[in-house]
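Raw data26.txt, compact mmCIF, C-alpha atoms:
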# COMPACT_ATOMS: atom_id res chain seq x y z
CA MET A 98 129.54 82.11 93.25
CA LYS A 99 126.21 82.65 91.53
CA ALA A 100 123.36 80.76 93.20
CA THR A 101 121.96 77.90 91.15
CA THR A 102 118.31 77.84 90.12
CA SER A 103 116.11 75.54 92.17
CA ILE A 104 115.02 72.24 90.65
CA GLN A 105 111.40 73.15 91.32
CA ARG A 106 111.71 76.41 89.40
CA ARG A 107 113.49 74.67 86.53
CA LEU A 108 110.84 71.96 86.24
CA ILE A 109 107.99 74.47 86.36
CA THR A 110 109.70 76.69 83.78
CA TYR A 111 110.53 73.82 81.42
CA LEU A 112 107.12 72.14 81.70
CA SER A 113 105.18 75.40 81.37
CA SER A 114 107.22 76.68 78.44
CA GLY A 115 107.08 73.27 76.82
CA LEU A 116 103.31 73.12 77.26
CA LEU A 117 102.81 76.61 75.82
CA SER A 118 105.15 75.85 72.92
CA LEU A 119 103.28 72.61 72.22
CA TRP A 120 99.94 74.42 72.36
CA LEU A 121 101.22 77.10 70.01
CA ALA A 122 102.55 74.49 67.56
CA ILE A 123 99.23 72.60 67.67
CA ALA A 124 97.28 75.84 67.13
CA ILE A 125 99.41 76.83 64.14
CA GLY A 126 99.25 73.33 62.65
CA SER A 127 95.49 73.06 63.17
CA SER A 128 94.92 76.52 61.69
CA TRP A 129 96.99 75.76 58.63
CA ALA A 130 95.26 72.40 58.05
CA SER A 131 91.79 73.88 58.62
CA PHE A 132 92.48 76.85 56.35
CA HIS A 133 93.72 74.51 53.65
CA GLU A 134 90.53 72.45 53.87
CA ILE A 135 88.36 75.58 53.82
CA ASN A 136 90.15 76.88 50.71
CA GLU A 137 89.75 73.52 49.05
CA ILE A 138 86.00 73.32 49.80
CA VAL A 139 85.19 76.93 48.90
CA ASP A 140 87.31 76.89 45.71
CA THR A 141 85.45 73.76 44.67
CA GLN A 142 82.09 75.45 45.35
CA MET A 143 83.15 78.58 43.41
CA LEU A 144 84.29 76.50 40.47
CA HIS A 145 81.10 74.45 40.57
CA THR A 146 78.98 77.63 40.69
CA ALA A 147 80.86 79.15 37.74
CA ASN A 148 80.36 75.97 35.74
CA LEU A 149 76.62 75.92 36.48
CA ILE A 150 76.31 79.56 35.42
CA GLN A 151 78.18 78.83 32.20
CA GLN A 152 75.98 75.86 31.36
CA ALA A 153 72.66 77.39 32.35
CA SER A 154 72.94 81.09 31.53
CA PRO A 155 70.64 82.36 28.62
CA ASN A 156 71.25 85.36 26.41
CA PHE A 157 71.57 88.55 28.44
CA GLN A 158 71.19 92.17 27.67
CA ALA A 159 74.22 94.27 28.33
CA ASN A 160 74.80 95.67 31.82
CA THR A 161 72.02 93.68 33.47
CA ILE A 162 72.49 93.94 37.26
CA VAL A 163 70.45 91.54 39.38
CA ARG A 164 69.52 91.99 43.01
CA ASP A 165 71.49 90.27 45.76
CA ILE A 166 70.02 86.99 46.93
CA GLU A 167 69.16 88.42 50.33
CA ASP A 168 67.10 91.20 48.69
CA ALA A 169 65.25 88.70 46.54
CA ILE A 170 63.92 86.73 49.52
CA ASP A 171 61.10 88.23 51.51
CA GLY A 172 60.76 85.38 54.04
CA ASN A 173 63.20 83.65 56.41
CA LYS A 174 66.68 84.20 55.02
CA GLY A 175 68.28 81.71 57.44
CA TYR A 176 71.98 82.45 57.88
CA ALA A 177 72.42 83.71 54.32
CA ASP A 178 74.98 86.51 53.81
CA ASP A 179 76.07 87.30 50.28
CA ASP A 180 77.99 90.50 51.04
CA ASP A 181 81.19 88.60 50.41
CA PHE A 182 80.06 86.75 47.29
CA GLY A 183 79.45 87.80 43.66
CA PHE A 184 79.46 86.79 40.01
CA ALA A 185 79.78 88.42 36.56
CA ILE A 186 79.41 87.50 32.86
CA TRP A 187 81.17 89.26 29.95
CA ASP A 188 80.95 88.78 26.22
CA ALA A 189 83.91 87.93 24.01
CA GLN A 190 84.79 91.64 23.69
CA GLY A 191 84.87 92.12 27.49
CA LYS A 192 81.53 93.93 27.72
CA LEU A 193 79.68 93.23 30.99
CA LEU A 194 76.47 91.34 30.24
CA PHE A 195 75.15 90.15 33.56
CA ALA A 196 76.29 90.53 37.20
CA ASP A 197 75.11 91.09 40.73
CA GLU A 198 75.93 94.17 42.76
CA LYS A 199 79.35 92.81 43.80
CA GLY A 200 80.17 91.20 40.47
CA GLN A 201 79.83 94.43 38.46
CA HIS A 202 83.11 95.58 40.00
CA PHE A 203 85.04 92.39 39.20
CA PRO A 204 88.10 92.82 36.98
CA TYR A 205 87.78 91.34 33.51
CA SER A 206 90.19 88.53 32.52
CA THR A 207 90.36 86.09 29.65
CA GLN A 208 92.64 83.72 31.57
CA SER A 209 90.71 80.80 33.02
CA GLY A 210 91.41 79.59 36.55
CA PHE A 211 91.73 81.07 40.02
CA HIS A 212 93.13 84.52 40.70
CA GLY A 213 93.86 86.30 43.98
CA LYS A 214 96.10 85.59 47.04
CA THR A 215 95.08 83.94 50.29
CA TYR A 216 97.22 86.05 52.65
CA LEU A 217 96.34 86.56 56.31
CA TRP A 218 97.39 90.20 56.21
CA ASN A 219 95.00 90.99 53.35
CA ILE A 220 91.70 89.49 54.47
CA HIS A 221 89.60 92.07 52.54
CA SER A 222 91.00 90.96 49.16
CA TRP A 223 88.88 88.92 46.69
CA ARG A 224 89.53 85.53 45.20
CA TYR A 225 88.14 84.85 41.71
CA VAL A 226 87.62 81.92 39.39
CA TYR A 227 87.22 82.55 35.64
CA LEU A 228 85.71 80.23 32.98
CA THR A 229 86.17 81.41 29.37
CA ASP A 230 84.74 80.05 26.12
CA ALA A 231 84.39 81.49 22.61
CA ASN A 232 81.41 83.70 23.48
CA ARG A 233 81.56 84.52 27.19
CA THR A 234 83.69 84.84 30.27
CA ILE A 235 82.16 83.95 33.63
CA ALA A 236 83.65 84.96 36.98
CA VAL A 237 82.66 83.96 40.50
CA GLY A 238 84.32 85.77 43.42
CA GLN A 239 84.47 85.66 47.20
CA THR A 240 86.28 87.83 49.74
CA MET A 241 89.02 86.21 51.83
CA GLU A 242 87.38 87.66 54.94
CA GLU A 243 84.61 85.09 54.62
CA ARG A 244 87.11 82.24 54.62
CA PHE A 245 88.94 83.59 57.65
CA GLU A 246 85.66 83.95 59.47
CA MET A 247 84.99 80.27 58.78
CA LEU A 248 88.46 79.42 60.10
CA PHE A 249 88.13 81.50 63.26
CA ASN A 250 84.63 80.17 63.94
CA ALA A 251 85.98 76.62 63.65
CA LEU A 252 88.93 77.26 65.97
CA TRP A 253 87.75 79.73 68.57
CA VAL A 254 86.01 77.14 70.75
CA GLN A 255 89.06 74.90 70.74
CA LEU A 256 91.43 77.78 71.41
CA SER A 257 89.19 79.21 74.15
CA LEU A 258 89.09 75.86 75.94
CA ILE A 259 92.88 75.54 75.71
CA LEU A 260 93.42 79.08 77.01
CA CYS A 261 91.02 78.48 79.88
CA SER A 262 92.72 75.19 80.77
CA ILE A 263 96.26 76.64 80.82
CA PRO A 264 95.96 78.08 84.39
CA LEU A 265 94.57 74.76 85.60
CA LEU A 266 97.41 72.87 83.91
CA LEU A 267 99.98 75.25 85.45
CA ILE A 268 98.46 74.64 88.89
CA LEU A 269 98.61 70.87 88.32
CA ILE A 270 102.24 71.16 87.17
CA LEU A 271 103.15 73.20 90.26
CA TYR A 272 101.41 70.70 92.54
CA GLY A 273 103.00 67.71 90.79
CA VAL A 274 106.50 69.19 90.93
CA ARG A 275 106.19 70.06 94.61
CA ARG A 276 104.74 66.64 95.42
CA GLY A 277 107.48 64.93 93.41
CA LEU A 278 110.24 66.86 95.22
CA SER A 279 108.75 66.37 98.68
CA PRO A 280 111.02 63.32 99.42
CA LEU A 281 114.05 65.59 99.04
CA LYS A 282 112.50 68.05 101.48
CA ILE A 283 111.80 65.25 103.95
CA LEU A 284 115.37 63.98 103.54
CA THR A 285 116.71 67.50 104.15
CA GLN A 286 114.64 67.85 107.33
CA GLU A 287 115.81 64.45 108.55
CA LEU A 288 119.48 65.34 108.01
CA GLN A 289 119.02 68.77 109.62
CA ALA A 290 117.60 67.13 112.74
CA ARG A 291 120.72 64.99 113.24
CA ASP A 292 123.77 65.84 115.30
CA ALA A 293 127.41 64.98 114.60
CA ASN A 294 127.05 61.54 116.20
CA SER A 295 123.94 60.49 114.27
CA LEU A 296 125.52 58.49 111.45
CA GLN A 297 122.90 55.76 111.04
CA ALA A 298 121.57 55.08 107.55
CA VAL A 299 118.87 57.28 106.07
CA SER A 300 115.56 55.64 105.19
CA GLU A 301 115.50 54.39 101.60
CA ASN A 302 111.68 54.58 101.41
CA VAL A 303 111.90 57.16 98.63
CA PRO A 304 110.92 57.31 94.93
CA GLN A 305 113.03 55.30 92.51
CA GLU A 306 114.66 58.40 91.00
CA THR A 307 116.05 59.61 94.35
CA LYS A 308 116.97 56.18 95.68
CA PRO A 309 120.53 56.18 94.18
CA LEU A 310 121.18 59.53 95.90
CA VAL A 311 119.98 58.21 99.27
CA GLN A 312 122.00 55.02 98.82
CA GLU A 313 125.16 57.03 98.13
CA ILE A 314 124.46 59.17 101.22
CA ASN A 315 124.15 55.99 103.27
CA HIS A 316 127.42 54.65 101.83
CA LEU A 317 129.07 57.96 102.73
CA LEU A 318 127.67 57.80 106.26
CA THR A 319 128.94 54.22 106.61
CA ARG A 320 132.43 55.19 105.47
CA LEU A 321 132.38 58.27 107.69
CA ASN A 322 131.30 56.22 110.70
CA ALA A 323 134.03 53.65 110.02
CA SER A 324 136.59 56.44 109.66
CA ILE A 325 135.51 58.05 112.93
CA GLN A 326 135.62 54.72 114.76
CA LYS A 327 139.05 54.05 113.29
CA GLU A 328 140.23 57.50 114.35
CA ARG A 329 138.92 56.96 117.86
CA ARG A 330 140.69 53.61 118.16
CA PHE A 331 143.84 55.16 116.76
CA THR A 332 143.71 58.04 119.26
CA SER A 333 143.04 55.66 122.16
CA ASP A 334 145.83 53.31 121.13
CA ALA A 335 148.25 56.19 120.56
CA ALA A 336 147.51 57.63 124.00
CA HIS A 337 148.03 54.19 125.52
CA GLU A 338 151.32 53.65 123.67
CA LEU A 339 152.63 57.09 124.58
CA ARG A 340 151.73 56.56 128.21
CA SER A 341 154.27 53.75 128.61
CA PRO A 342 157.48 55.65 127.63
CA LEU A 343 156.28 58.77 129.45
CA ALA A 344 155.56 56.77 132.61
CA ALA A 345 158.97 55.12 132.32
CA LEU A 346 160.60 58.55 131.94
CA LYS A 347 158.82 59.78 135.07
CA VAL A 348 159.93 56.76 137.11
CA GLN A 349 163.52 56.99 135.86
CA ALA A 350 163.61 60.71 136.64
CA GLU A 351 162.31 60.14 140.18
CA VAL A 352 164.83 57.34 140.80
CA LEU A 353 167.63 59.45 139.32
CA SER A 354 166.78 62.34 141.63
CA MET A 355 167.09 60.07 144.67
CA SER A 356 170.27 58.28 143.54
CA GLU A 357 173.73 59.44 144.57
CA ASP A 358 175.78 56.67 142.94
CA LYS A 359 177.25 57.82 139.59
CA GLU A 360 177.06 54.38 137.98
CA GLU A 361 173.44 54.04 139.01
CA GLN A 362 172.74 57.56 137.73
CA LEU A 363 174.36 56.68 134.39
CA HIS A 364 172.22 53.56 134.18
CA HIS A 365 169.05 55.57 134.79
CA LEU A 366 170.12 58.19 132.25
CA LEU A 367 170.57 55.49 129.61
CA ASN A 368 167.12 54.14 130.42
CA MET A 369 165.70 57.64 130.13
CA GLN A 370 167.41 58.07 126.75
CA ALA A 371 165.90 54.78 125.53
CA SER A 372 162.44 55.90 126.67
CA ILE A 373 162.89 59.24 124.93
CA GLU A 374 163.98 57.51 121.72
CA ARG A 375 160.97 55.21 121.88
CA ALA A 376 158.59 58.15 122.47
CA ASN A 377 160.27 60.11 119.67
CA ARG A 378 159.99 57.21 117.22
CA LEU A 379 156.36 56.60 118.16
CA THR A 380 155.55 60.28 117.71
CA GLU A 381 157.21 60.35 114.30
CA GLN A 382 155.26 57.30 113.15
CA LEU A 383 151.99 58.72 114.47
CA LEU A 384 152.62 61.91 112.53
CA ILE A 385 153.35 59.90 109.38
CA LEU A 386 150.09 57.94 109.77
CA SER A 387 148.12 61.13 110.47
CA ARG A 388 149.35 62.51 107.13
CA LEU A 389 148.75 59.26 105.23
CA ASP A 390 145.21 58.51 106.40
CA PRO A 391 143.43 61.44 104.66
CA MET A 392 145.27 60.91 101.36
CA GLN A 393 143.19 59.74 98.42
CA GLY A 394 145.99 59.99 95.87
CA ILE A 395 149.74 60.45 95.58
CA PRO A 396 150.93 64.03 96.21
CA ASP A 397 153.57 65.40 93.80
CA SER A 398 153.63 62.20 91.73
CA GLN A 399 156.78 61.87 89.61
CA PRO A 400 158.89 59.05 88.14
CA ILE A 401 160.95 57.41 90.90
CA ASP A 402 164.71 57.92 90.58
CA TRP A 403 165.92 54.64 92.13
CA ALA A 404 169.58 55.45 91.51
CA HIS A 405 169.26 58.45 93.81
CA LEU A 406 166.69 57.07 96.27
CA ILE A 407 168.22 53.67 97.16
CA PRO A 408 171.64 54.97 98.37
CA GLN A 409 169.90 57.57 100.55
CA THR A 410 167.62 54.93 102.07
CA LEU A 411 170.48 52.53 102.83
CA GLN A 412 172.48 55.38 104.37
CA SER A 413 169.57 56.29 106.68
CA VAL A 414 169.55 52.79 108.26
CA ASN A 415 173.28 52.12 108.06
CA LEU A 416 174.01 53.25 111.63
CA ALA A 417 171.39 50.89 113.11
CA ALA A 418 172.81 48.02 111.03
CA ARG A 419 176.40 48.75 112.12
CA GLU A 420 175.41 48.74 115.79
CA LYS A 421 174.25 45.11 115.33
CA ARG A 422 176.99 44.33 112.80
CA ILE A 423 174.37 43.46 110.18
CA ARG A 424 175.41 43.52 106.56
CA LEU A 425 173.14 45.43 104.19
CA LYS A 426 173.03 43.94 100.71
CA LEU A 427 171.51 45.40 97.53
CA ASP A 428 170.42 42.92 94.87
CA CYS A 429 169.44 44.45 91.52
CA ASP A 430 170.69 42.44 88.54
CA ILE A 431 168.82 44.55 85.96
CA GLY A 432 170.33 47.85 87.10
CA LEU A 433 168.64 50.55 89.20
CA GLU A 434 167.66 52.53 86.11
CA ASN A 435 165.48 49.57 84.99
CA ALA A 436 163.95 48.71 88.36
CA LEU A 437 160.17 48.73 88.75
CA PRO A 438 159.15 51.75 86.63
CA LEU A 439 156.97 53.41 89.26
CA GLN A 440 155.26 56.80 89.35
CA GLY A 441 154.93 58.18 92.85
CA ASN A 442 156.23 60.32 95.70
CA SER A 443 159.94 59.77 96.40
CA LEU A 444 159.69 60.81 100.08
CA LEU A 445 156.85 58.35 100.74
CA ILE A 446 158.68 55.54 98.91
CA GLN A 447 161.81 56.27 100.94
CA THR A 448 159.78 56.21 104.17
CA MET A 449 158.27 52.86 103.17
CA LEU A 450 161.68 51.30 102.36
CA ARG A 451 163.25 52.73 105.52
CA ASN A 452 160.52 51.12 107.65
CA LEU A 453 161.00 47.80 105.84
CA LEU A 454 164.75 47.84 106.42
CA ASP A 455 164.42 49.11 109.99
CA ASN A 456 162.04 46.26 110.87
CA ALA A 457 164.38 43.72 109.27
CA ILE A 458 167.40 45.11 111.17
CA ARG A 459 165.49 45.40 114.46
CA TYR A 460 164.32 41.77 114.48
CA SER A 461 167.42 40.14 112.94
CA PRO A 462 170.17 38.58 115.09
CA GLU A 463 173.59 40.22 115.18
CA GLN A 464 176.10 39.47 112.43
CA THR A 465 173.43 38.48 109.89
CA GLU A 466 172.42 39.86 106.53
CA VAL A 467 169.50 41.96 105.29
CA THR A 468 168.93 42.02 101.52
CA LEU A 469 167.05 44.64 99.54
CA SER A 470 166.08 43.26 96.13
CA LEU A 471 164.67 45.20 93.19
CA SER A 472 163.39 43.90 89.88
CA ASP A 473 161.16 45.21 87.11
CA SER A 474 158.04 43.90 88.89
CA GLN A 475 158.62 43.97 92.67
CA ILE A 476 160.58 45.14 95.72
CA SER A 477 161.51 42.74 98.52
CA VAL A 478 163.41 42.82 101.81
CA THR A 479 164.73 39.56 103.26
CA ASP A 480 166.19 39.10 106.75
CA GLN A 481 167.62 36.16 108.70
CA GLY A 482 165.52 36.64 111.80
CA PRO A 483 163.05 34.28 113.48
CA GLY A 484 160.21 35.12 111.11
CA ILE A 485 156.58 35.54 112.22
CA ASN A 486 154.29 32.98 113.78
CA PRO A 487 151.95 31.83 110.93
CA LYS A 488 148.98 32.36 113.27
CA GLU A 489 149.90 36.02 113.67
CA ILE A 490 151.13 36.86 110.17
CA ASN A 491 147.69 38.20 109.15
CA ARG A 492 147.45 40.45 112.21
CA ILE A 493 150.96 41.85 112.10
CA LYS A 494 149.77 44.70 109.83
CA GLU A 495 147.23 45.91 112.40
CA ARG A 496 148.07 49.16 114.12
CA PHE A 497 149.79 48.82 117.50
CA TYR A 498 149.69 45.04 117.29
CA ARG A 499 152.80 43.32 118.61
CA PRO A 500 153.12 39.54 118.93
CA ALA A 501 153.25 38.08 122.40
CA GLY A 502 156.74 37.58 123.84
CA GLN A 503 158.22 40.40 121.78
CA THR A 504 161.48 41.69 123.32
CA GLN A 505 162.40 44.36 120.77
CA GLN A 506 161.19 47.89 121.35
CA GLY A 507 158.62 49.06 118.85
CA SER A 508 155.22 50.65 118.42
CA GLY A 509 153.52 48.18 116.11
CA LEU A 510 152.98 50.86 113.45
CA GLY A 511 155.73 49.98 110.94
CA PHE A 512 153.72 47.62 108.75
CA SER A 513 150.66 49.91 108.92
CA ILE A 514 152.76 52.73 107.46
CA ILE A 515 154.28 50.42 104.85
CA GLU A 516 150.87 49.12 103.74
CA SER A 517 149.33 52.62 103.58
CA ILE A 518 152.12 53.94 101.34
CA ALA A 519 152.03 50.77 99.21
CA HIS A 520 148.27 51.14 98.72
CA LEU A 521 148.68 54.74 97.53
CA HIS A 522 151.20 53.52 94.94
CA HIS A 523 149.02 50.55 93.86
CA LEU A 524 151.38 48.01 95.41
CA LYS A 525 150.39 44.93 97.38
CA LEU A 526 152.19 43.96 100.60
CA GLN A 527 152.96 40.26 101.15
CA LEU A 528 154.79 38.61 104.08
CA ILE A 529 156.35 35.16 103.58
CA ASN A 530 158.33 33.10 106.13
CA ASN A 531 161.43 31.65 104.51
CA PRO A 532 161.72 27.84 104.50
CA THR A 533 164.89 27.85 106.64
CA GLN A 534 165.15 31.15 108.49
CA GLY A 535 163.98 34.71 108.23
CA LEU A 536 161.16 36.70 106.68
CA THR A 537 160.69 38.09 103.16
CA VAL A 538 158.49 41.13 102.72
CA THR A 539 157.47 41.70 99.10
CA LEU A 540 155.82 44.65 97.39
CA HIS A 541 154.47 43.95 93.93
CA LYS A 542 152.00 45.53 91.56
CA ALA A 543 148.40 45.04 92.68

Can you give me the file's structure in the form of structure tokens?
Amino acid sequence: MKATTSIQRRLITYLSSGLLSLWLAIAIGSSWASFHEINEIVDTQMLHTANLIQQASPNFQANTIVRDIEDAIDGNKGYADDDDFGFAIWDAQGKLLFADEKGQHFPYSTQSGFHGKTYLWNIHSWRYVYLTDANRTIAVGQTMEERFEMLFNALWVQLSLILCSIPLLLILILYGVRRGLSPLKILTQELQARDANSLQAVSENVPQETKPLVQEINHLLTRLNASIQKERRFTSDAAHELRSPLAALKVQAEVLSMSEDKEEQLHHLLNMQASIERANRLTEQLLILSRLDPMQGIPDSQPIDWAHLIPQTLQSVNLAAREKRIRLKLDCDIGLENALPLQGNSLLIQTMLRNLLDNAIRYSPEQTEVTLSLSDSQISVTDQGPGINPKEINRIKERFYRPAGQTQQGSGLGFSIIESIAHLHHLKLQLINNPTQGLTVTLHKA
């Protein structure tokens, strides 16, 4: 994967290029506006000069060439420079009457107005203004170089200051970007200094822009800490629960090895088988929970085929029901094809229903009935057992929790598994003691 550009480099690049682009745009805009004003002022002066010459000029002899203004002044000439300025007068037939040294080379034209182009790439060209009447044509001209000199003289100080300030501005940008990103560097150093057990919240004494990031990191650390604590409790409880059947197996094996009576040996073998079954069931449920806990969504989500899933689920618990002579009943008046249109994982749904039915069978008296009901909005399992003490009904879903005085073998993980699968499928688990006898466990849309 290609490495991403650093934020610092991006900010410096964007700010610097933006600053240079802005400076260039300002320079171009200022130059255009200034050049327009210069053209306007100088054209007005040229027109005014031509008009004065037209109004004040006497009769001239043909081809009279006057000296340049600079040559006519013997004293202080000031800043005068007429190398780029000239004038000329022609008669009605186009014969040159009067001009200065530059004006004698002006082109003759009978069309009044301004002539010549103000192009940057042709600064040595001339711009003329012609005034024509019945007797004479007067022209005043100026080179474009003079105008561009005026423009450059007006802008060079400004441009020089901007060019000199650019390095300083770049340094300030670099300093500001580094100073602005320093909280991220401090945060990085703080996180690098931590070990795997340091999950306390990070300081939120950071700029407003980075505060949401730090808050989300703290939320992540909180969830991670809760998950680790939950995992530790789960591991501790699982080890404790597994210790009991394994210890019972060890005792039964030791007693069996010392026993010589066949009936007593058979009794101990049956006890060992029960302990093995308990350990096997506990291990299976622990494996199911270990797969469910990391899940954030439903794997292999597909429409649930109730017509295929329900018979398989009932068949899987049928043996346990027959041993206690419990009748399994399916109640679905709307037809399985119309039951609770649910999108999910069929294996997880089957595991959830099997745990519901297994709990109902395990805690129901012999020769009773367990009913599985399906509708278009919920799933429920009803038994005819003793129900749950109202004081403990909220804790029954806790892992490894078993009410006091419980005689049935179990691990206390059944409802945890049921609730985890229900949550993945956006179902809510509800336990209700029946008014007369038994417990109804309902799963409905959250």

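You can rank A:Pro400, A:Asp181, A:Glu374, A:Trp253 by their closest distance to A:Asp197 using all atoms listed in the file, and at the top of that list sits A:Asp181.
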
Contact residues around stretch 264-273 of chain A with only C-alpha atoms at 8 Å, ignoring same-chain residues under 2 positions, as a ChimeraX atom specification:
/A:109,112-113,260-262,275-277

Close residues, A:Glu301 itself excluded, 8 Å, only C-alpha atoms, min 2 positions apart in chain, as a list in words:
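After dropping sequence-adjacent residues, the list is Val299, Val303, Lys308, Val311 and Gln312 of chain A.
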
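Going from atom CA of A:Gly482 over to atom CA of A:Tyr460, you cover 5.9 Å.
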
Distance criterion (only C-alpha atoms): nearest to A:Val414 out of A:Ile518, A:Arg459, A:Gln440, A:Ser398
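Comparing A:Ile518, A:Arg459, A:Gln440, A:Ser398 against A:Val414, the winner is A:Arg459.
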
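Residue nearest A:Cys429 within the list A:Asn415, A:Thr465, A:Ser474, A:Gln142: A:Ser474 [criterion: smallest interatomic distance, only C-alpha atoms].
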
State, in Å with one decimal place, the distance from atom CA of A:Ser443 to atom CA of A:Ala457.
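About the pair atom CA of A:Ser443 and atom CA of A:Ala457: they are 21.0 Å apart.
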
Atomic distance atom CA of A:Thr410 - atom CA of A:Ile490, expressed in Å with one decimal
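Those two atoms sit 25.8 Å apart.
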
Nearest residue to A:Thr240 out of A:Leu288, A:Ile220, A:Leu258, A:Ala298, using all atoms listed in the file?
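Checking each candidate against A:Thr240, we get A:Ile220 as the closest.
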
Under the rule that only C-alpha atoms are counted, which of A:Leu248, A:Ala344, A:Ala196, A:Leu228 is the nearest residue to A:Trp129?
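For A:Trp129, the nearest of the candidates is A:Leu248.
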
Counting all atoms listed in the file, which of A:Ser300, A:Ser356, A:Ile458, A:Tyr205 gets nearest to A:Ile283?
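Closest candidate: A:Ser300.
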